[in-house]
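Trainee: The structure is given below, and queries will be raised subsequently.
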Number of protein chains: 2
Amino acid sequence: MITFLSGGTGTPKLLAGAREILGDGAITVIVNTAEDMWYQGGHLSPDIDTVLYLFAGLLNKETWWGIAGDSFVTHKALRSLGSDAYLSLGDRDRATTIIRGDYLRSGLSLTEATKMLSGVFGLSATIIPMCDTPVASMVQTETGIMHFQEYWVKHRGTCAITGIVRESDKEPCATREVISSIQDAEMVVIGPSNPVTSILPILSCAGVRQALAKKRVVAISPFIGDEPVSGPARDLMIAHGVIPDSRGVFLMYSDFLDIFIQDESDPVTVPGSVRCNTLMKNETIAADLMRRILELGEIGG
Amino acid sequence: MITFLSGGTGTPKLLAGAREILGDGAITVIVNTAEDMWYQGGHLSPDIDTVLYLFAGLLNKETWWGIAGDSFVTHKALRSLGSDAYLSLGDRDRATTIIRGDYLRSGLSLTEATKMLSGVFGLSATIIPMCDTPVASMVQTETGIMHFQEYWVKHRGTCAITGIVRESDKEPCATREVISSIQDAEMVVIGPSNPVTSILPILSCAGVRQALAKKRVVAISPFIGDEPVSGPARDLMIAHGVIPDSRGVFLMYSDFLDIFIQDESDPVTVPGSVRCNTLMKNETIAADLMRRILELGEIGG
C-alpha cells in the first residue's frame, strides 16, 4: 500500500497515473481539509471531493474540481437572486456537499463521513481527511483576513498577501487512521501540491511529521524555477517566509524526506535531488512518474 | 388592503384571481409555516414558497408547488447516491431554501427572511409568516409520529392517522406584523386551504383569533360533501375530531367568522352560508370568486 499526501490539483494528477500502476485498492490518500467550509448549507471539502471524484471516474479533468458535465442551475439561480455565491458549485457536486453536511450534522466525524461517501461512490481506494478538527487556511491581505477560498476563487488570487495562518478551535491532531495509513505504507508520496496550503496543513497535524520520519518518503516539487506548475503557491510561499522555489519546498520537508524529485527543467539546484519529468500533461506521463517513484522507493511496480 | 390566511394550494388559487382584481400591492398574505423544515441544509417553507413564486410569476401551476420548468439535478443525484431525499426539491427552488437558510443562520427571524426574499423576488404583495417560532405539524400514525411532509409526501398520505399535534419549543405567538396586517385590513379572507394543517396553525398563534374577532372575516370551505377539493383534509379533520365537511370547517372558525362561503354544489347545509362556485379551475373563476367576496364584504372592487 502506498500512501499519498494530497491537495486538490498536483497530487490528484499523479494519482490518475498511480491508479494505472498500483490499482485503486493499493492506494491510500491523506487529504488536506484546511480549505473546507460550510457553504450554502452543505459541507464543502474541495480537496477530498477532487480525490473522491477522481477515483469515482467523475472528475472534471479540465478544471480538476467538480464533476465532468455538471450543470449549475442552483448556482446561477443564487447569483441571479443576488447571493454572494462566489464558489461555482455544480448541481451534482452539491449533492455530495449535502450528504456530507447531513452526515456531520448527525454527529459523524469527517473521517467517518468520508468513509461513508467513499462507499456511496463505490471506491476501492482509501481516502482519509487529515484530521477531524475543522481547520481553515486564512490569508492575510491588505483588505483584511479571509478564507483561502475567498482569496483564491472570489478575488482570483489578486490581493497582495502579507501572511497566512491556519485557524482552528483546538490543535489539529492526526487521527488514528492517518497515523496507521503512514505506518502501514510501503512508502509515502507527497505529490506536487501547494506546499503551504495543501501539504503544510497535513504536516501540522500533531503526530504526522514524527510518523513520516520513520518511513520512506518521496516528495515531488511543484516548482519549476520560481513558478509553481499551477496555483498560487508562489505568493503563499513568500507569505509563509520561504523561498518560492524547490529549495524552499525541500526545506519544508527536510526533517523527514528521503527522496526529493525536481522537474528535469527546474533551473534551481537542490543537492541530492532526483530529476524526472513532473509536468503531468497526460496520464501516461503521470504513470511514468509513478513508475519512477516506485523504482526510487525500491518497490516492485 | 385585504389580508389572506393561506396554506399551499387552495388559497394560492384564490390569490391568483385576487391579483387581477386587487393588484399585488393591496394584498397581504399570512402564511402557514407549520410544514417548514430544515431540509438538505436549506430551510424549506413550502407554503411561503408557493405564495412567493405565485407573486413572482414563477409558480408551477400544475402542482402548485415549486418553480415552473425547474430541473431536479441535485435531487436526482442525491437519490442515486442513496439519500432519503423524499421531497423533490427543484434546482432553482433549492436556491430559495439556501438563501432562507443562510438568512436564518445569520440570525434573521423568519419574518425578516421572508421580507428579504420578497425583495429579492421583486414582489409588491406582502407575505408574512404566521410566527417566528419554529412549529411542526406532526401526524400520529400506527407506525409512529412523523412530520406532516413525511406523511403526505413520503408516504403519500396512505398511513392511517390517529391524531395530529403541533410541536414547538415555545408557544407560537403571532408577530407584530401578523397582528397589524389583520388590524389594518379592510377584510380578512380565509381561503379554501386545509383547515387542520394550514389554517389552524395560524389561528393557534397567540393573538390571532382575538384580532380576527374584531374584523370582517370571510372563509371559503374547501369541502364539497365529505371530500376536500384537494389534499388530505378529510383524514386530518377526522383525526382532529371534527366532522370532515363544511359544518366542521364552519365550527373551527365560528368564534370570529362573519361570512362563510360554500360551493354551490356542496350537499351539506350550513345555516347562513353563501353559495358560490369555489372550484377554481382557472383564474377567471378565481377572479369571479374574489369579486363576489368583495361584494359580500361590501368593499368596492
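Labels for the C-alpha cells follow display order: chains A, B, ..., residues from 1 in each chain, ligands from 1.
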Distance limit 6 Å, atoms considered: only C-alpha atoms. Which chain A residues sit that close to chain B? Return them as a VMD selection string.
Mentor: chain A and resid 40 to 42 73 to 74 77 to 78 81 91 to 92 95 98 120
Trainee: Can you give chain B as a short mmCIF file (atom, residue, chain, number, x, y, z; two decimals) with C-alpha atoms, in the first residue's frame after you superpose it on chain A, pairing all C-alpha atoms in order for the least-squares fit?
Mentor:
```cif
data_model
loop_
_atom_site.label_atom_id
_atom_site.label_comp_id
_atom_site.auth_asym_id
_atom_site.auth_seq_id
_atom_site.Cartn_x
_atom_site.Cartn_y
_atom_site.Cartn_z
CA MET B 1 -0.01 -0.01 -0.02
CA ILE B 2 1.27 3.43 -0.97
CA THR B 3 0.05 6.45 0.96
CA PHE B 4 -0.14 9.87 -0.67
CA LEU B 5 -0.48 13.29 0.90
CA SER B 6 -2.68 15.33 -1.37
CA GLY B 7 -4.16 18.71 -2.06
CA GLY B 8 -6.47 19.47 -4.93
CA THR B 9 -4.59 19.52 -8.23
CA GLY B 10 -0.93 18.40 -8.42
CA THR B 11 -1.24 15.20 -6.42
CA PRO B 12 -4.56 14.14 -7.99
CA LYS B 13 -2.79 14.36 -11.38
CA LEU B 14 -0.17 11.94 -10.04
CA LEU B 15 -2.93 9.74 -8.58
CA ALA B 16 -4.53 9.49 -12.02
CA GLY B 17 -1.29 7.82 -13.16
CA ALA B 18 -0.81 5.85 -9.94
CA ARG B 19 -4.19 4.17 -10.43
CA GLU B 20 -2.89 2.53 -13.62
CA ILE B 21 0.27 1.24 -11.95
CA LEU B 22 -0.94 0.31 -8.48
CA GLY B 23 -4.69 -0.24 -8.83
CA ASP B 24 -7.10 1.72 -6.63
CA GLY B 25 -7.09 -0.88 -3.84
CA ALA B 26 -3.39 -0.27 -3.11
CA ILE B 27 -3.79 3.51 -2.79
CA THR B 28 -4.46 5.49 0.37
CA VAL B 29 -4.72 9.26 0.22
CA ILE B 30 -4.45 11.57 3.21
CA VAL B 31 -6.17 14.75 2.08
CA ASN B 32 -5.84 18.37 3.13
CA THR B 33 -9.03 19.71 4.71
CA ALA B 34 -7.85 23.23 5.59
CA GLU B 35 -9.88 24.61 2.68
CA ASP B 36 -13.11 23.04 3.94
CA MET B 37 -16.07 25.22 4.71
CA TRP B 38 -19.78 25.11 5.32
CA TYR B 39 -21.19 26.55 2.13
CA GLN B 40 -24.85 27.13 1.32
CA GLY B 41 -25.93 24.62 3.96
CA GLY B 42 -23.66 21.82 2.76
CA HIS B 43 -20.14 20.91 3.78
CA LEU B 44 -17.57 21.60 1.10
CA SER B 45 -14.29 19.65 1.23
CA PRO B 46 -12.71 20.79 -2.03
CA ASP B 47 -9.63 18.56 -1.95
CA ILE B 48 -11.46 15.48 -0.70
CA ASP B 49 -14.05 15.91 -3.43
CA THR B 50 -11.44 16.18 -6.16
CA VAL B 51 -9.87 12.91 -4.98
CA LEU B 52 -13.29 11.30 -4.48
CA TYR B 53 -14.42 12.20 -8.00
CA LEU B 54 -11.06 11.14 -9.46
CA PHE B 55 -11.46 7.60 -8.11
CA ALA B 56 -15.17 7.56 -8.97
CA GLY B 57 -14.28 8.41 -12.58
CA LEU B 58 -16.40 11.54 -12.40
CA LEU B 59 -13.78 14.29 -12.06
CA ASN B 60 -13.74 17.21 -14.44
CA LYS B 61 -10.11 16.90 -15.58
CA GLU B 62 -10.12 20.28 -17.30
CA THR B 63 -10.53 22.18 -14.05
CA TRP B 64 -9.49 19.44 -11.57
CA TRP B 65 -12.50 20.20 -9.42
CA GLY B 66 -16.17 19.24 -9.69
CA ILE B 67 -17.93 16.65 -11.78
CA ALA B 68 -17.45 16.46 -15.55
CA GLY B 69 -20.52 17.72 -17.39
CA ASP B 70 -22.19 19.03 -14.24
CA SER B 71 -24.87 21.73 -14.51
CA PHE B 72 -25.04 24.88 -12.35
CA VAL B 73 -28.76 25.62 -12.13
CA THR B 74 -28.89 26.32 -8.38
CA HIS B 75 -25.66 28.32 -8.50
CA LYS B 76 -26.99 30.50 -11.32
CA ALA B 77 -30.33 30.92 -9.50
CA LEU B 78 -28.49 32.04 -6.36
CA ARG B 79 -26.43 34.52 -8.35
CA SER B 80 -29.49 35.89 -10.13
CA LEU B 81 -31.16 36.35 -6.73
CA GLY B 82 -28.22 38.44 -5.57
CA SER B 83 -26.50 35.85 -3.40
CA ASP B 84 -22.73 36.13 -2.90
CA ALA B 85 -22.23 32.62 -4.29
CA TYR B 86 -18.57 33.06 -5.16
CA LEU B 87 -17.78 29.36 -5.45
CA SER B 88 -19.35 27.74 -8.51
CA LEU B 89 -20.89 24.63 -7.04
CA GLY B 90 -22.33 22.26 -9.63
CA ASP B 91 -25.72 20.64 -9.10
CA ARG B 92 -24.35 17.08 -8.84
CA ASP B 93 -21.33 18.30 -6.86
CA ARG B 94 -23.78 19.99 -4.48
CA ALA B 95 -25.37 16.63 -3.69
CA THR B 96 -22.02 15.49 -2.25
CA THR B 97 -21.81 18.56 -0.01
CA ILE B 98 -25.39 17.98 1.15
CA ILE B 99 -24.73 14.33 2.04
CA ARG B 100 -21.51 15.26 3.87
CA GLY B 101 -23.29 18.10 5.67
CA ASP B 102 -26.07 15.77 6.80
CA TYR B 103 -23.50 13.19 8.01
CA LEU B 104 -21.61 15.82 10.00
CA ARG B 105 -24.79 17.31 11.46
CA SER B 106 -25.85 13.80 12.52
CA GLY B 107 -22.65 13.56 14.57
CA LEU B 108 -20.29 11.62 12.30
CA SER B 109 -16.66 12.71 12.19
CA LEU B 110 -15.22 13.92 8.89
CA THR B 111 -13.23 10.67 8.73
CA GLU B 112 -16.43 8.64 9.10
CA ALA B 113 -18.33 10.87 6.67
CA THR B 114 -15.54 10.46 4.10
CA LYS B 115 -15.58 6.69 4.53
CA MET B 116 -19.35 6.66 4.06
CA LEU B 117 -19.11 8.87 0.95
CA SER B 118 -16.35 6.64 -0.45
CA GLY B 119 -18.76 3.73 -0.04
CA VAL B 120 -21.58 5.66 -1.67
CA PHE B 121 -19.33 6.33 -4.69
CA GLY B 122 -18.14 2.70 -4.71
CA LEU B 123 -14.42 3.45 -4.30
CA SER B 124 -11.70 0.85 -3.77
CA ALA B 125 -9.11 3.48 -2.84
CA THR B 126 -8.98 4.75 0.73
CA ILE B 127 -9.48 8.48 1.32
CA ILE B 128 -8.69 9.89 4.75
CA PRO B 129 -9.09 13.52 5.80
CA MET B 130 -6.01 14.90 7.56
CA CYS B 131 -7.93 15.41 10.81
CA ASP B 132 -11.40 15.63 12.32
CA THR B 133 -10.92 19.12 13.74
CA PRO B 134 -12.21 21.92 11.50
CA VAL B 135 -9.21 23.88 10.25
CA ALA B 136 -9.26 26.90 7.94
CA SER B 137 -6.37 28.36 5.98
CA MET B 138 -6.80 32.11 6.33
CA VAL B 139 -4.94 34.57 4.16
CA GLN B 140 -3.93 37.99 5.49
CA THR B 141 -4.24 40.71 2.87
CA GLU B 142 -4.20 44.48 2.88
CA THR B 143 -8.01 44.48 2.92
CA GLY B 144 -8.25 42.07 5.85
CA ILE B 145 -8.11 38.39 6.68
CA MET B 146 -10.10 36.00 4.51
CA HIS B 147 -10.62 32.30 3.91
CA PHE B 148 -8.23 30.86 1.34
CA GLN B 149 -11.14 30.03 -0.97
CA GLU B 150 -12.33 33.62 -0.80
CA TYR B 151 -8.83 34.84 -1.69
CA TRP B 152 -8.26 32.32 -4.46
CA VAL B 153 -11.71 31.96 -5.99
CA LYS B 154 -13.58 35.17 -5.19
CA HIS B 155 -10.60 37.51 -5.59
CA ARG B 156 -8.76 35.24 -8.06
CA GLY B 157 -5.57 35.51 -6.01
CA THR B 158 -5.15 39.16 -6.95
CA CYS B 159 -4.87 40.63 -3.41
CA ALA B 160 -1.35 41.08 -2.08
CA ILE B 161 -0.76 38.56 0.72
CA THR B 162 0.99 39.63 3.89
CA GLY B 163 0.67 36.36 5.76
CA ILE B 164 -1.10 33.04 6.11
CA VAL B 165 -2.48 31.42 9.23
CA ARG B 166 -4.47 28.33 9.98
CA GLU B 167 -7.42 28.77 12.28
CA SER B 168 -8.94 26.03 14.39
CA ASP B 169 -10.69 25.83 17.74
CA LYS B 170 -8.25 23.26 19.04
CA GLU B 171 -4.88 21.98 17.87
CA PRO B 172 -5.38 19.74 14.85
CA CYS B 173 -4.32 16.22 15.68
CA ALA B 174 -3.75 13.39 13.22
CA THR B 175 -6.41 10.72 13.53
CA ARG B 176 -5.65 7.07 14.24
CA GLU B 177 -6.49 6.42 10.57
CA VAL B 178 -3.91 8.95 9.35
CA ILE B 179 -1.14 7.54 11.54
CA SER B 180 -1.96 3.93 10.61
CA SER B 181 -2.02 4.74 6.92
CA ILE B 182 1.49 6.18 7.24
CA GLN B 183 2.77 3.35 9.45
CA ASP B 184 1.33 0.62 7.23
CA ALA B 185 2.50 2.15 3.94
CA GLU B 186 5.38 0.73 1.92
CA MET B 187 6.18 4.32 1.02
CA VAL B 188 4.66 7.76 1.46
CA VAL B 189 4.44 10.06 -1.56
CA ILE B 190 3.96 13.80 -1.27
CA GLY B 191 2.66 14.90 -4.63
CA PRO B 192 3.36 18.23 -6.32
CA SER B 193 0.65 20.03 -4.34
CA ASN B 194 0.89 23.52 -2.93
CA PRO B 195 3.36 23.11 -0.02
CA VAL B 196 1.89 25.94 2.06
CA THR B 197 -1.86 25.50 1.71
CA SER B 198 -2.14 21.79 0.82
CA ILE B 199 0.75 19.87 2.41
CA LEU B 200 1.71 22.01 5.42
CA PRO B 201 -1.77 21.71 6.97
CA ILE B 202 -1.39 17.92 6.86
CA LEU B 203 2.16 18.06 8.27
CA SER B 204 0.92 20.38 11.02
CA CYS B 205 -1.49 17.83 12.42
CA ALA B 206 0.11 16.56 15.64
CA GLY B 207 1.86 13.24 15.05
CA VAL B 208 2.27 13.38 11.28
CA ARG B 209 5.90 14.56 10.99
CA GLN B 210 7.00 12.02 13.62
CA ALA B 211 5.22 9.19 11.77
CA LEU B 212 6.72 10.30 8.44
CA ALA B 213 10.23 10.40 9.94
CA LYS B 214 10.06 6.61 10.35
CA LYS B 215 9.00 5.92 6.76
CA ARG B 216 10.47 6.16 3.30
CA VAL B 217 9.07 9.44 1.98
CA VAL B 218 9.28 10.73 -1.58
CA ALA B 219 8.23 14.31 -2.44
CA ILE B 220 7.79 15.94 -5.82
CA SER B 221 8.46 19.67 -6.07
CA PRO B 222 5.62 21.67 -7.65
CA PHE B 223 8.09 24.39 -8.71
CA ILE B 224 10.03 24.98 -11.90
CA GLY B 225 12.31 27.90 -11.17
CA ASP B 226 10.33 30.33 -9.04
CA GLU B 227 6.96 29.50 -10.56
CA PRO B 228 4.69 26.65 -9.49
CA VAL B 229 3.25 24.44 -12.21
CA SER B 230 -0.21 25.67 -11.19
CA GLY B 231 -1.98 27.62 -8.49
CA PRO B 232 -0.95 30.32 -6.03
CA ALA B 233 2.03 28.58 -4.38
CA ARG B 234 4.50 31.34 -5.18
CA ASP B 235 2.80 34.18 -3.24
CA LEU B 236 1.89 31.81 -0.43
CA MET B 237 5.48 30.54 -0.07
CA ILE B 238 6.72 34.13 0.22
CA ALA B 239 3.97 34.97 2.73
CA HIS B 240 4.99 31.89 4.68
CA GLY B 241 8.60 33.12 4.69
CA VAL B 242 10.26 30.51 2.50
CA ILE B 243 11.99 30.85 -0.87
CA PRO B 244 9.39 30.24 -3.59
CA ASP B 245 11.26 27.50 -5.42
CA SER B 246 12.32 23.88 -4.98
CA ARG B 247 14.84 24.82 -2.27
CA GLY B 248 12.05 26.24 -0.12
CA VAL B 249 9.91 23.16 -0.71
CA PHE B 250 12.81 20.88 0.20
CA LEU B 251 13.41 22.81 3.43
CA MET B 252 9.77 22.43 4.45
CA TYR B 253 10.04 18.64 4.17
CA SER B 254 13.73 18.07 5.05
CA ASP B 255 13.22 16.67 8.56
CA PHE B 256 11.54 13.51 7.24
CA LEU B 257 12.25 13.39 3.51
CA ASP B 258 14.19 10.56 1.84
CA ILE B 259 13.89 11.33 -1.85
CA PHE B 260 13.20 14.71 -3.45
CA ILE B 261 12.13 14.88 -7.07
CA GLN B 262 12.53 18.01 -9.18
CA ASP B 263 11.40 18.56 -12.72
CA GLU B 264 14.16 17.91 -15.24
CA SER B 265 13.87 21.51 -16.45
CA ASP B 266 13.97 23.12 -13.00
CA PRO B 267 17.00 25.52 -13.00
CA VAL B 268 17.18 25.50 -9.19
CA THR B 269 19.70 23.12 -7.66
CA VAL B 270 18.79 21.04 -4.63
CA PRO B 271 21.70 18.73 -3.74
CA GLY B 272 20.77 15.05 -3.80
CA SER B 273 17.50 15.49 -5.67
CA VAL B 274 16.34 13.24 -8.49
CA ARG B 275 15.28 14.66 -11.83
CA CYS B 276 12.13 13.47 -13.62
CA ASN B 277 9.52 14.83 -15.99
CA THR B 278 6.97 16.09 -13.45
CA LEU B 279 4.81 18.04 -15.93
CA MET B 280 1.92 15.60 -15.99
CA LYS B 281 0.27 16.76 -19.19
CA ASN B 282 -1.41 13.39 -19.57
CA GLU B 283 -1.89 10.17 -17.62
CA THR B 284 0.88 8.36 -19.48
CA ILE B 285 3.41 10.88 -18.15
CA ALA B 286 1.81 10.62 -14.69
CA ALA B 287 2.08 6.81 -14.82
CA ASP B 288 5.72 7.08 -15.92
CA LEU B 289 6.43 9.39 -13.00
CA MET B 290 4.72 6.98 -10.63
CA ARG B 291 6.75 4.06 -12.02
CA ARG B 292 9.93 6.04 -11.42
CA ILE B 293 8.82 6.87 -7.85
CA LEU B 294 8.33 3.15 -7.15
CA GLU B 295 11.79 2.40 -8.53
CA LEU B 296 13.30 5.12 -6.34
CA GLY B 297 11.47 3.66 -3.36
CA GLU B 298 12.79 0.22 -4.38
CA ILE B 299 9.24 -1.08 -4.56
CA GLY B 300 8.37 -3.61 -7.28
CA GLY B 301 5.72 -2.00 -9.50
#
```
Trainee: Going by DSSP on the backbone, which bits of range 42-178 of chain B are strand (DSSP E or B)? Write them as number ranges by chain, please.
Mentor: B: 42-44, 59, 67, 126-129, 131, 135-141, 144-147, 161-168, 173-174
Trainee: As a ChimeraX atom specification, list the residues of range 46-235 of chain A assigned to alpha helix (DSSP H) by DSSP on the backbone atoms of this structure.
Mentor: /A:46-56,73-80,91-105,110-120,148-149,176-183,200-203,208-213,233-235
